[in-house]
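**Q** Next comes the structure file model33.pdb, holding PDB, C-alpha atoms and all ligand atoms.
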ATOM      1  CA  MET A  12      -6.307  18.406  11.947
ATOM      2  CA  THR A  13      -2.847  17.347  13.072
ATOM      3  CA  GLU A  14      -1.032  19.761  15.372
ATOM      4  CA  LYS A  15       2.306  19.863  17.105
ATOM      5  CA  LEU A  16       1.952  18.468  20.630
ATOM      6  CA  SER A  17       1.282  21.154  23.214
ATOM      7  CA  ASP A  18       3.341  21.302  26.404
ATOM      8  CA  ALA A  19       0.359  19.847  28.277
ATOM      9  CA  THR A  20       0.004  16.792  26.020
ATOM     10  CA  ARG A  21       3.689  15.980  25.528
ATOM     11  CA  GLY A  22       4.195  14.303  28.907
ATOM     12  CA  PRO A  23       1.179  11.987  28.876
ATOM     13  CA  LEU A  24       1.808  10.921  25.280
ATOM     14  CA  LEU A  25       5.602  10.738  25.259
ATOM     15  CA  ASP A  26       6.602   9.624  28.766
ATOM     16  CA  PRO A  27       5.413   6.024  28.240
ATOM     17  CA  LEU A  28       7.430   5.952  25.009
ATOM     18  CA  PHE A  29      10.546   7.300  26.747
ATOM     19  CA  SER A  30      10.114   4.473  29.287
ATOM     20  CA  ALA A  31      10.056   2.051  26.351
ATOM     21  CA  GLY A  32      13.372   3.367  25.009
ATOM     22  CA  TRP A  33      12.336   6.182  22.671
ATOM     23  CA  GLN A  34      14.430   9.363  22.870
ATOM     24  CA  VAL A  35      14.185  12.905  21.571
ATOM     25  CA  VAL A  36      16.512  13.516  18.625
ATOM     26  CA  ASP A  37      19.231  16.103  19.333
ATOM     27  CA  GLY A  38      18.315  19.390  17.710
ATOM     28  CA  ARG A  39      15.009  18.193  16.217
ATOM     29  CA  ASP A  40      11.436  17.907  17.434
ATOM     30  CA  ALA A  41      11.393  14.181  16.667
ATOM     31  CA  ILE A  42      11.609  10.884  18.527
ATOM     32  CA  THR A  43      13.825   7.930  17.711
ATOM     33  CA  LYS A  44      14.406   4.336  18.726
ATOM     34  CA  THR A  45      16.694   1.579  17.493
ATOM     35  CA  TYR A  46      15.132  -1.897  17.459
ATOM     36  CA  LYS A  47      17.265  -5.057  17.423
ATOM     37  CA  PHE A  48      15.855  -8.321  16.085
ATOM     38  CA  ASP A  49      17.126 -11.883  15.968
ATOM     39  CA  SER A  50      17.503 -11.830  12.201
ATOM     40  CA  PHE A  51      17.051  -9.789   9.049
ATOM     41  CA  VAL A  52      13.807 -11.644   8.330
ATOM     42  CA  ASP A  53      12.397 -10.655  11.728
ATOM     43  CA  ALA A  54      13.493  -7.032  11.214
ATOM     44  CA  PHE A  55      12.036  -6.810   7.731
ATOM     45  CA  GLY A  56       8.847  -8.581   8.753
ATOM     46  CA  TRP A  57       8.325  -6.037  11.530
ATOM     47  CA  MET A  58       8.993  -3.181   9.092
ATOM     48  CA  THR A  59       6.437  -4.627   6.705
ATOM     49  CA  ARG A  60       3.794  -4.841   9.420
ATOM     50  CA  ALA A  61       4.583  -1.311  10.636
ATOM     51  CA  ALA A  62       4.514  -0.009   7.049
ATOM     52  CA  ILE A  63       0.942  -1.236   6.587
ATOM     53  CA  TRP A  64      -0.184   0.863   9.578
ATOM     54  CA  ALA A  65       1.901   3.833   8.423
ATOM     55  CA  GLU A  66       0.205   3.747   5.043
ATOM     56  CA  LYS A  67      -3.255   3.217   6.557
ATOM     57  CA  TRP A  68      -2.750   6.292   8.773
ATOM     58  CA  ASP A  69      -0.933   8.269   6.033
ATOM     59  CA  HIS A  70       1.901   8.820   8.475
ATOM     60  CA  HIS A  71       5.311   7.600   7.468
ATOM     61  CA  PRO A  72       8.488   6.926   9.437
ATOM     62  CA  GLU A  73      12.021   7.948   8.602
ATOM     63  CA  TRP A  74      13.791   4.653   9.087
ATOM     64  CA  SER A  75      16.741   2.547   8.057
ATOM     65  CA  ASN A  76      17.585  -1.107   8.309
ATOM     66  CA  VAL A  77      20.960  -2.797   8.568
ATOM     67  CA  TYR A  78      20.683  -6.598   8.851
ATOM     68  CA  ASN A  79      18.833  -7.165  12.158
ATOM     69  CA  THR A  80      18.675  -3.508  13.264
ATOM     70  CA  VAL A  81      16.023  -0.918  12.439
ATOM     71  CA  THR A  82      16.425   2.731  13.442
ATOM     72  CA  VAL A  83      13.202   4.735  13.361
ATOM     73  CA  THR A  84      12.677   8.489  13.599
ATOM     74  CA  LEU A  85       9.172   9.872  13.899
ATOM     75  CA  THR A  86       8.112  13.451  13.358
ATOM     76  CA  THR A  87       5.268  15.157  11.522
ATOM     77  CA  HIS A  88       6.701  17.000   8.550
ATOM     78  CA  ASP A  89       3.444  18.858   7.868
ATOM     79  CA  VAL A  90       3.614  20.622  11.268
ATOM     80  CA  GLY A  91       7.383  20.704  11.798
ATOM     81  CA  GLY A  92       7.439  18.630  14.965
ATOM     82  CA  ILE A  93       6.005  15.813  17.044
ATOM     83  CA  SER A  94       2.236  15.298  16.829
ATOM     84  CA  ALA A  95      -0.144  12.748  18.315
ATOM     85  CA  LEU A  96       0.268  10.717  15.120
ATOM     86  CA  ASP A  97       3.934  10.130  15.977
ATOM     87  CA  ALA A  98       2.984   8.836  19.415
ATOM     88  CA  LYS A  99       0.272   6.660  17.852
ATOM     89  CA  LEU A 100       2.658   5.121  15.323
ATOM     90  CA  ALA A 101       5.350   4.622  17.993
ATOM     91  CA  ARG A 102       2.814   2.816  20.203
ATOM     92  CA  LYS A 103       1.862   0.590  17.263
ATOM     93  CA  MET A 104       5.546  -0.162  16.591
ATOM     94  CA  GLU A 105       5.949  -1.147  20.243
ATOM     95  CA  SER A 106       2.946  -3.447  20.125
ATOM     96  CA  LEU A 107       4.184  -5.096  16.912
ATOM     97  CA  PHE A 108       7.694  -5.613  18.350
TER
HETATM   98  C1  LIG B 201      -0.032  14.552   1.636
HETATM   99  C2  LIG B 201       0.245  13.554   2.725
HETATM  100  O1  LIG B 201      -0.941  13.203   3.360
HETATM  101  C3  LIG B 201       1.185  14.115   3.755
HETATM  102  O2  LIG B 201       2.341  14.576   3.115
HETATM  103  C4  LIG B 201       1.524  13.158   4.864
HETATM  104  C5  LIG B 201       2.190  11.867   4.415
HETATM  105  N1  LIG B 201       2.956  11.227   5.459
HETATM  106  C6  LIG B 201       3.490  11.929   6.467
HETATM  107  N2  LIG B 201       4.325  11.366   7.329
HETATM  108  C7  LIG B 201       4.921  12.068   8.295
HETATM  109  N3  LIG B 201       5.759  11.474   9.138
HETATM  110  N4  LIG B 201       4.679  13.380   8.432
HETATM  111  C8  LIG B 201       3.841  14.032   7.630
HETATM  112  O3  LIG B 201       3.652  15.235   7.798
HETATM  113  C9  LIG B 201       3.191  13.301   6.596
HETATM  114  N5  LIG B 201       2.340  13.862   5.807
END
Is it possible to express this structure as C-alpha cells?

**A**
Amino acid sequence: MTEKLSDATRGPLLDPLFSAGWQVVDGRDAITKTYKFDSFVDAFGWMTRAAIWAEKWDHHPEWSNVYNTVTVTLTTHDVGGISALDAKLARKMESLF
C-alpha cells in the first residue's frame, strides 16, 4: 500500500533527487524538475518512454511540454503527498534522460 513518505524515509529517497535538480514545489508536498532537450523530438521521445513506465506502475506525472522543455511535477494524489512511487518514477526519468 502506498503511503506518504515518513520523515525518516524522505532524506534517503529525496536527497539524491535534489542533487539531480529536483525541488520541492512551494506550498505542495510534491517535487518538480524542468528538463531541457536539444529538440522537440528528443523531449517528446523522452516523455513517451517515461509514459510507458508511468502506465506500467499506474503512477502518472503532472507534466507539460513546450518545444524542447518538459516540466514535471510528481506527487501521489491518492495519499495527498510524496510517496516512494514519486521517487521511483523520478529516478526512472533521470535514468531515461
Ligand atoms: C485508480 C488508480 O490506480 C489511481 O488513481 C492511481 C493512478 N495514477 C496515479 N498517479 C499519481 N501521480 N498519483 C496517484 O495517486 C495515482 N493514482

**Q** Tell me, in Å to one decimal, how far CA of Pro23 (chain A) is from atom C1 of ligand LIG 201 (chain B).

**A**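 Between these atoms lies a distance of 27.4 Å.
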
**Q** Determine, counting only C-alpha atoms, which protein, DNA and RNA residues have an atom within 10 Å of an atom of Trp68 (chain A); residues of the same chain fewer than 3 positions away are not included. Present the result as a list in words.

**A**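 Selected residues are Ala62, Ile63, Trp64, Ala65, His71, Leu96, Lys99 and Leu100 of chain A.
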
**Q** Would you name the residues within 12 Å of ligand LIG 201 (chain B), counting only C-alpha atoms and all ligand atoms, and put them as a PyMOL selection string?

**A** chain A and resi 12-15+40-42+62+64-74+83-101

**Q** Between A:Asp37, A:Leu24, A:Ala31, A:Phe108, single out the one closest to Ala54 (chain A), counting all atoms listed in the file.

**A** A:Phe108

**Q** If the PyMOL selection byres (((chain A and resi 45-53) around 6) and not hetatm) were run on this exact file, what residues would it hold? Put them as a PyMOL selection string.

**A** chain A and resi 44+54-56+78-82

**Q** In Å to one decimal, how far is CA of Leu107 (chain A) from CA of Asn76 (chain A)?

**A** 16.4 Å

**Q** Which is closest to Arg102 (chain A) among A:Pro27, A:Thr59, A:Arg39, A:Arg21, if we use all atoms listed in the file?

**A**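 Ranked by minimum distance to Arg102 (chain A), first place goes to A:Pro27.
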
**Q** Between CA of Leu16 (chain A) and CA of Gly32 (chain A), what is the spacing in Å?

**A** 19.4 Å
